[in-house]
$ cat input_32.txt   # compact mmCIF, C-alpha atoms
# COMPACT_ATOMS: atom_id res chain seq x y z
CA MET A 8 -31.70 25.09 27.58
CA LYS A 9 -29.44 28.11 27.03
CA ILE A 10 -26.56 25.84 26.05
CA LYS A 11 -28.72 23.99 23.55
CA SER A 12 -29.96 27.24 22.06
CA LYS A 13 -26.42 28.57 21.72
CA SER A 14 -25.29 25.31 20.14
CA LYS A 15 -28.13 25.47 17.59
CA LYS A 16 -27.20 29.05 16.72
CA ILE A 17 -23.56 28.07 16.18
CA ASN A 18 -24.53 25.09 14.02
CA LYS A 19 -26.91 27.23 11.98
CA ALA A 20 -24.23 29.90 11.47
CA TRP A 21 -21.68 27.28 10.41
CA LEU A 22 -24.14 25.71 7.97
CA ASN A 23 -24.98 29.10 6.51
CA ASP A 24 -21.28 29.95 6.06
CA HIS A 25 -20.64 26.53 4.55
CA LEU A 26 -23.46 26.70 2.01
CA ASN A 27 -22.41 30.21 0.93
CA ASP A 28 -18.71 29.37 0.77
CA PRO A 29 -17.46 30.00 -2.81
CA TYR A 30 -15.19 26.96 -2.66
CA VAL A 31 -18.08 24.72 -1.60
CA LYS A 32 -20.12 26.00 -4.54
CA MET A 33 -17.18 25.54 -6.89
CA ALA A 34 -16.64 21.98 -5.66
CA GLN A 35 -20.29 21.18 -6.32
CA ARG A 36 -20.08 22.61 -9.83
CA GLU A 37 -16.83 20.82 -10.69
CA GLY A 38 -17.73 17.48 -9.14
CA TYR A 39 -15.32 17.44 -6.20
CA ARG A 40 -16.39 15.72 -3.00
CA ALA A 41 -15.05 18.55 -0.81
CA ARG A 42 -13.65 22.06 -0.99
CA ALA A 43 -10.30 20.61 0.14
CA ALA A 44 -9.52 19.87 -3.52
CA TYR A 45 -8.72 23.56 -3.99
CA LYS A 46 -6.20 23.51 -1.15
CA LEU A 47 -4.15 20.89 -2.97
CA LYS A 48 -4.74 22.66 -6.29
CA GLU A 49 -3.20 25.88 -4.96
CA ILE A 50 -0.26 24.05 -3.38
CA ASP A 51 0.36 22.23 -6.64
CA GLU A 52 0.05 25.33 -8.81
CA THR A 53 2.39 27.25 -6.49
CA LEU A 54 5.12 24.62 -6.25
CA ARG A 55 4.48 22.50 -9.38
CA LEU A 56 4.62 19.22 -7.45
CA ILE A 57 2.21 16.98 -9.36
CA ARG A 58 2.98 15.64 -12.85
CA PRO A 59 1.61 12.73 -14.91
CA GLY A 60 3.51 9.48 -14.48
CA GLN A 61 4.24 9.95 -10.79
CA VAL A 62 3.56 7.71 -7.82
CA VAL A 63 1.56 9.67 -5.25
CA VAL A 64 0.33 8.53 -1.84
CA ASP A 65 -2.67 10.31 -0.27
CA LEU A 66 -2.83 9.81 3.51
CA GLY A 67 -6.02 10.81 5.30
CA ALA A 68 -7.73 10.63 1.92
CA ALA A 69 -11.45 10.48 2.80
CA PRO A 70 -13.77 11.70 1.42
CA GLY A 71 -11.49 11.71 -1.63
CA ALA A 72 -11.22 15.28 -2.96
CA TRP A 73 -7.41 15.21 -3.08
CA SER A 74 -7.42 11.86 -4.88
CA GLN A 75 -9.97 13.27 -7.33
CA TYR A 76 -7.65 16.20 -8.06
CA LEU A 77 -4.69 13.84 -8.55
CA ARG A 78 -6.77 11.63 -10.81
CA ARG A 79 -7.62 14.58 -13.04
CA ARG A 80 -3.98 15.73 -13.13
CA PHE A 81 -2.95 12.27 -14.32
CA ALA A 82 -5.67 11.96 -16.96
CA PRO A 83 -5.63 13.34 -20.52
CA ALA A 84 -7.44 16.71 -20.57
CA GLY A 85 -8.15 16.40 -16.85
CA ALA A 86 -10.78 13.70 -17.25
CA ALA A 87 -12.49 12.37 -14.13
CA ALA A 88 -12.58 8.89 -15.67
CA GLY A 89 -10.75 6.87 -18.30
CA ALA A 90 -7.03 6.66 -19.02
CA LEU A 91 -4.68 7.38 -16.13
CA ASP A 92 -0.94 8.14 -16.40
CA GLY A 93 0.37 7.64 -12.88
CA THR A 94 -0.24 5.75 -9.64
CA ILE A 95 -2.45 7.00 -6.82
CA ILE A 96 -2.68 5.13 -3.53
CA ALA A 97 -5.13 6.50 -0.96
CA LEU A 98 -5.34 5.52 2.71
CA ASP A 99 -7.78 6.45 5.44
CA LEU A 100 -9.32 5.09 8.60
CA LEU A 101 -12.76 5.96 7.21
CA PRO A 102 -14.54 4.34 4.26
CA PHE A 103 -13.73 5.75 0.83
CA GLU A 104 -16.07 5.79 -2.14
CA ALA A 105 -14.19 4.26 -5.06
CA ILE A 106 -12.48 6.53 -7.59
CA GLU A 107 -11.54 4.95 -10.90
CA GLY A 108 -7.83 4.13 -10.99
CA VAL A 109 -7.21 4.97 -7.31
CA GLN A 110 -6.03 2.12 -5.07
CA PHE A 111 -7.42 2.40 -1.55
CA ILE A 112 -6.38 0.97 1.81
CA GLN A 113 -8.76 1.35 4.75
CA GLY A 114 -6.91 1.34 8.03
CA ASP A 115 -5.15 3.36 10.72
CA PHE A 116 -1.78 4.64 9.49
CA ARG A 117 -0.56 4.63 13.10
CA GLU A 118 -0.71 0.84 13.05
CA GLU A 119 2.44 -0.86 11.82
CA ALA A 120 0.48 -3.50 9.91
CA VAL A 121 -1.37 -0.83 7.91
CA ALA A 122 1.84 1.06 7.08
CA GLN A 123 3.32 -2.26 5.99
CA GLN A 124 0.32 -2.90 3.75
CA LEU A 125 1.01 0.42 2.06
CA SER A 126 4.68 -0.48 1.66
CA ASP A 127 3.72 -3.82 0.13
CA LEU A 128 1.39 -2.11 -2.35
CA LEU A 129 4.23 0.17 -3.47
CA ALA A 130 6.28 -2.95 -4.21
CA GLY A 131 9.59 -1.10 -4.07
CA ARG A 132 8.49 1.82 -6.26
CA PRO A 133 9.73 5.17 -4.93
CA VAL A 134 7.06 7.76 -4.06
CA ASP A 135 7.26 11.08 -5.91
CA VAL A 136 4.83 12.97 -3.67
CA LEU A 137 3.55 11.96 -0.24
CA LEU A 138 0.45 13.91 0.83
CA SER A 139 -0.87 13.93 4.39
CA ASP A 140 -4.20 15.54 5.21
CA MET A 141 -4.37 13.45 8.37
CA ALA A 142 -5.60 15.03 11.58
CA PRO A 143 -6.67 13.55 14.93
CA ASN A 144 -10.14 13.96 16.37
CA LEU A 145 -9.68 17.16 18.35
CA SER A 146 -10.40 17.07 22.08
CA GLY A 147 -10.15 20.80 22.68
CA ILE A 148 -7.14 20.31 24.95
CA GLU A 149 -4.44 22.15 23.01
CA SER A 150 -1.39 20.31 24.36
CA SER A 151 -3.00 16.90 23.81
CA ASP A 152 -4.26 17.74 20.33
CA ALA A 153 -0.86 19.17 19.34
CA ALA A 154 0.94 16.03 20.52
CA ARG A 155 -1.40 13.75 18.56
CA MET A 156 -1.07 15.90 15.44
CA ALA A 157 2.73 15.91 15.78
CA HIS A 158 2.71 12.12 16.03
CA LEU A 159 0.85 11.80 12.71
CA ILE A 160 3.29 14.19 11.03
CA GLU A 161 6.27 12.32 12.44
CA LEU A 162 4.85 9.04 11.09
CA ALA A 163 4.43 10.60 7.63
CA LEU A 164 7.99 11.93 7.79
CA GLU A 165 9.31 8.52 8.83
CA PHE A 166 7.49 6.90 5.91
CA ALA A 167 8.87 9.56 3.56
CA GLN A 168 12.44 8.86 4.66
CA THR A 169 12.01 5.23 3.66
CA HIS A 170 9.88 5.53 0.52
CA LEU A 171 10.21 9.03 -0.92
CA ARG A 172 12.26 9.60 -4.06
CA THR A 173 15.37 11.70 -3.39
CA GLU A 174 13.93 14.80 -5.05
CA GLY A 175 10.37 14.00 -3.94
CA ALA A 176 8.03 16.10 -1.82
CA LEU A 177 6.13 15.66 1.45
CA VAL A 178 3.05 17.81 2.09
CA CYS A 179 1.62 17.72 5.63
CA LYS A 180 -1.35 19.45 7.18
CA MET A 181 -0.65 20.99 10.57
CA PHE A 182 -1.99 23.70 12.85
CA HIS A 183 -0.39 26.90 14.09
CA GLY A 184 -0.01 26.75 17.84
CA SER A 185 1.73 24.50 20.32
CA GLY A 186 4.55 22.52 18.72
CA TYR A 187 4.37 24.24 15.31
CA SER A 188 7.89 25.71 15.36
CA GLN A 189 9.34 22.36 16.42
CA LEU A 190 7.70 20.65 13.44
CA VAL A 191 9.07 23.27 11.06
CA LYS A 192 12.52 22.69 12.56
CA LEU A 193 12.08 18.93 12.10
CA PHE A 194 11.24 19.44 8.40
CA LYS A 195 14.31 21.63 7.95
CA GLN A 196 16.46 18.87 9.39
CA HIS A 197 15.28 16.45 6.70
CA PHE A 198 14.51 18.53 3.60
CA ARG A 199 16.59 20.89 1.51
CA VAL A 200 13.62 23.18 0.84
CA VAL A 201 10.83 23.86 3.35
CA LYS A 202 7.84 26.08 2.62
CA PRO A 203 4.69 26.71 4.70
CA ILE A 204 1.53 27.47 2.72
CA LYS A 205 -1.95 28.52 3.86
CA PRO A 206 -4.15 28.07 0.78
CA LYS A 207 -6.93 30.55 0.14
CA ALA A 208 -9.38 27.63 0.39
CA SER A 209 -8.44 27.18 4.06
CA ARG A 210 -10.97 29.06 6.15
CA ASP A 211 -9.71 32.38 7.55
CA LYS A 212 -10.61 31.39 11.12
CA SER A 213 -8.79 28.06 10.85
CA ALA A 214 -5.28 27.57 12.25
CA GLU A 215 -4.73 25.03 9.49
CA THR A 216 -1.65 25.38 7.32
CA PHE A 217 0.41 23.03 5.16
CA LEU A 218 4.14 22.42 5.39
CA VAL A 219 5.94 21.26 2.26
CA GLY A 220 9.36 19.66 2.27
CA VAL A 221 11.19 18.97 -1.01
CA GLY A 222 14.45 17.12 -1.61
CA LEU A 223 15.64 14.82 1.13
CA LYS A 224 18.92 15.93 2.70
CA GLY A 225 22.04 13.81 2.65
CA VAL A 226 21.82 13.07 -1.08
CA GLN A 227 22.24 15.05 -4.28
CA ALA A 228 18.68 16.01 -5.18
CA ALA A 229 18.16 16.96 -8.82
CA GLY A 230 15.07 17.52 -10.92
CA ALA A 231 12.39 19.93 -11.98
CA VAL A 232 10.44 19.60 -8.75
CA LEU A 233 13.20 21.07 -6.60
CA ALA A 234 14.10 23.68 -9.21
CA GLY A 235 10.47 24.78 -9.38
CA VAL A 236 10.21 25.27 -5.64
CA GLN A 237 13.48 27.16 -5.42
CA SER A 238 12.21 29.72 -7.91
CA GLY A 239 9.95 31.20 -5.23
CA PRO A 240 10.51 32.43 -1.68
CA VAL A 241 11.29 29.57 0.68
CA SER A 242 12.22 28.98 4.26
CA GLY A 243 15.34 26.88 4.49
CA SER A 244 17.99 26.03 6.99

$ encode --input "input_32.txt" --output "structure tokens"
Amino acid sequence: MKIKSKSKKINKAWLNDHLNDPYVKMAQREGYRARAAYKLKEIDETLRLIRPGQVVVDLGAAPGAWSQYLRRRFAPAGAAAGALDGTIIALDLLPFEAIEGVQFIQGDFREEAVAQQLSDLLAGRPVDVLLSDMAPNLSGIESSDAARMAHLIELALEFAQTHLRTEGALVCKMFHGSGYSQLVKLFKQHFRVVKPIKPKASRDKSAETFLVGVGLKGVQAAGAVLAGVQSGPVSGS
């Protein structure tokens, strides 16, 4: 009985914090499905990654807040419907309520057949920005959770190496803790510019952060995206 009571108190406290969260209220006012939209918004405004006309892939897309933000960035005057200048492909294991102009694949990105389906949909077009908000169902066992998270990030990085435009960007969610420094090192091995960002919309108590890599190494990367990132403080090799 004590455990149940404690659990109810925790759930009630979380719900209270959630309902009073300014980003939750803002999302409701502005028509976003989740407060996560403002995480991508801050990353984009800081690094100037998203521009009309691009091809963007949104991994771990459900419930769709990031795709909604992309859709508005690609539409005249930020419209939530109507004309769209750009390509958005969303993928998630969970169902995804349709967003006008967004192509959706439901499946597990860890499965080769699903990754191939995404490749087929791209039809040879290079990706300008690859976004990954993927995260495993957490077990509470830190070493196990870290390994599963690292696997998802490595899969996104592998996909980026094959499909990302030379000067393109990869944005991955990860968590501070076991394996974090190794993942940063891995990004530095593959990208010319690496920058960790913890958006204000990420809860203070959360270990969540986002790692951004821009400009694949081994080739001459040129373009406004890389130049924009280099204008601010970065962590590079």

$ residues_around --input "input_32.txt" --residues "Phe217 in chain A" --least-positions-apart "5" --cutoff "8 Å" --atoms "all atoms listed in the file" --output "list in words"
Val178, Cys179, Lys180, Met181, Pro203, Ile204 and Lys205 of chain A

$ residues_around --input "input_32.txt" --residues "Gly131 in chain A" --least-positions-apart "5" --cutoff "12 Å" --atoms "only C-alpha atoms" --output "PyMOL selection string"
chain A and resi 62+123+125-126+169-172

$ closest_residue --input "input_32.txt" --among "A:Ser146, A:Gln124, A:Val136, A:Ala153" --to "Gly222 in chain A" --atoms "all atoms listed in the file"
A:Val136

$ closest_residue --input "input_32.txt" --among "A:Leu137, A:Leu66, A:Leu54, A:Val109" --to "Arg79 in chain A" --atoms "all atoms listed in the file"
A:Val109

$ residues_around --input "input_32.txt" --residues "Gly220 in chain A" --least-positions-apart "4" --cutoff "6 Å" --atoms "all atoms listed in the file" --output "PyMOL selection string"
chain A and resi 176-177+198+200-201

$ closest_residue --input "input_32.txt" --among "A:Leu91, A:Arg117, A:Pro83, A:Ala72" --to "Phe103 in chain A" --atoms "all atoms listed in the file"
A:Ala72

$ atom_distance --input "input_32.txt" --atom1 "CA of Ala41 in chain A" --atom2 "CA of Ser185 in chain A"
27.6 Å

$ atom_distance --input "input_32.txt" --atom1 "CA of Gly175 in chain A" --atom2 "CA of Ala87 in chain A"
25.1 Å

$ atom_distance --input "input_32.txt" --atom1 "CA of Asp92 in chain A" --atom2 "CA of Gly108 in chain A"
9.6 Å

$ residues_around --input "input_32.txt" --residues "Leu77 in chain A" --least-positions-apart "3" --cutoff "8 Å" --atoms "all atoms listed in the file" --output "PyMOL selection string"
chain A and resi 57+73-74+80-81+95

$ decode --input "input_32.txt" --residues "range 63-93 of chain A" --atoms "C-alpha atoms" --output "compact mmCIF listing (two decimals), in the first residue's frame"
# COMPACT_ATOMS: atom_id res chain seq x y z
CA VAL A 63 15.08 16.18 -43.96
CA VAL A 64 14.61 12.79 -42.29
CA ASP A 65 12.96 12.66 -38.84
CA LEU A 66 13.78 9.42 -36.98
CA GLY A 67 11.77 8.61 -33.87
CA ALA A 68 9.18 11.07 -35.15
CA ALA A 69 6.05 10.21 -33.12
CA PRO A 70 3.96 12.00 -32.02
CA GLY A 71 5.10 14.40 -34.75
CA ALA A 72 6.13 17.71 -33.12
CA TRP A 73 9.48 17.84 -34.92
CA SER A 74 7.85 17.09 -38.27
CA GLN A 75 5.30 19.83 -37.54
CA TYR A 76 8.12 22.30 -36.94
CA LEU A 77 9.86 21.25 -40.17
CA ARG A 78 6.60 21.53 -42.07
CA ARG A 79 6.14 25.11 -40.89
CA ARG A 80 9.76 25.99 -41.75
CA PHE A 81 9.20 24.72 -45.29
CA ALA A 82 5.88 26.50 -45.80
CA PRO A 83 5.31 30.12 -46.86
CA ALA A 84 4.78 32.27 -43.75
CA GLY A 85 5.14 29.19 -41.55
CA ALA A 86 1.77 27.72 -42.49
CA ALA A 87 0.73 24.43 -40.91
CA ALA A 88 -0.95 23.40 -44.17
CA GLY A 89 -0.75 24.18 -47.86
CA ALA A 90 2.31 24.69 -50.06
CA LEU A 91 5.51 22.97 -48.96
CA ASP A 92 9.03 23.73 -50.23
CA GLY A 93 11.08 20.74 -49.17
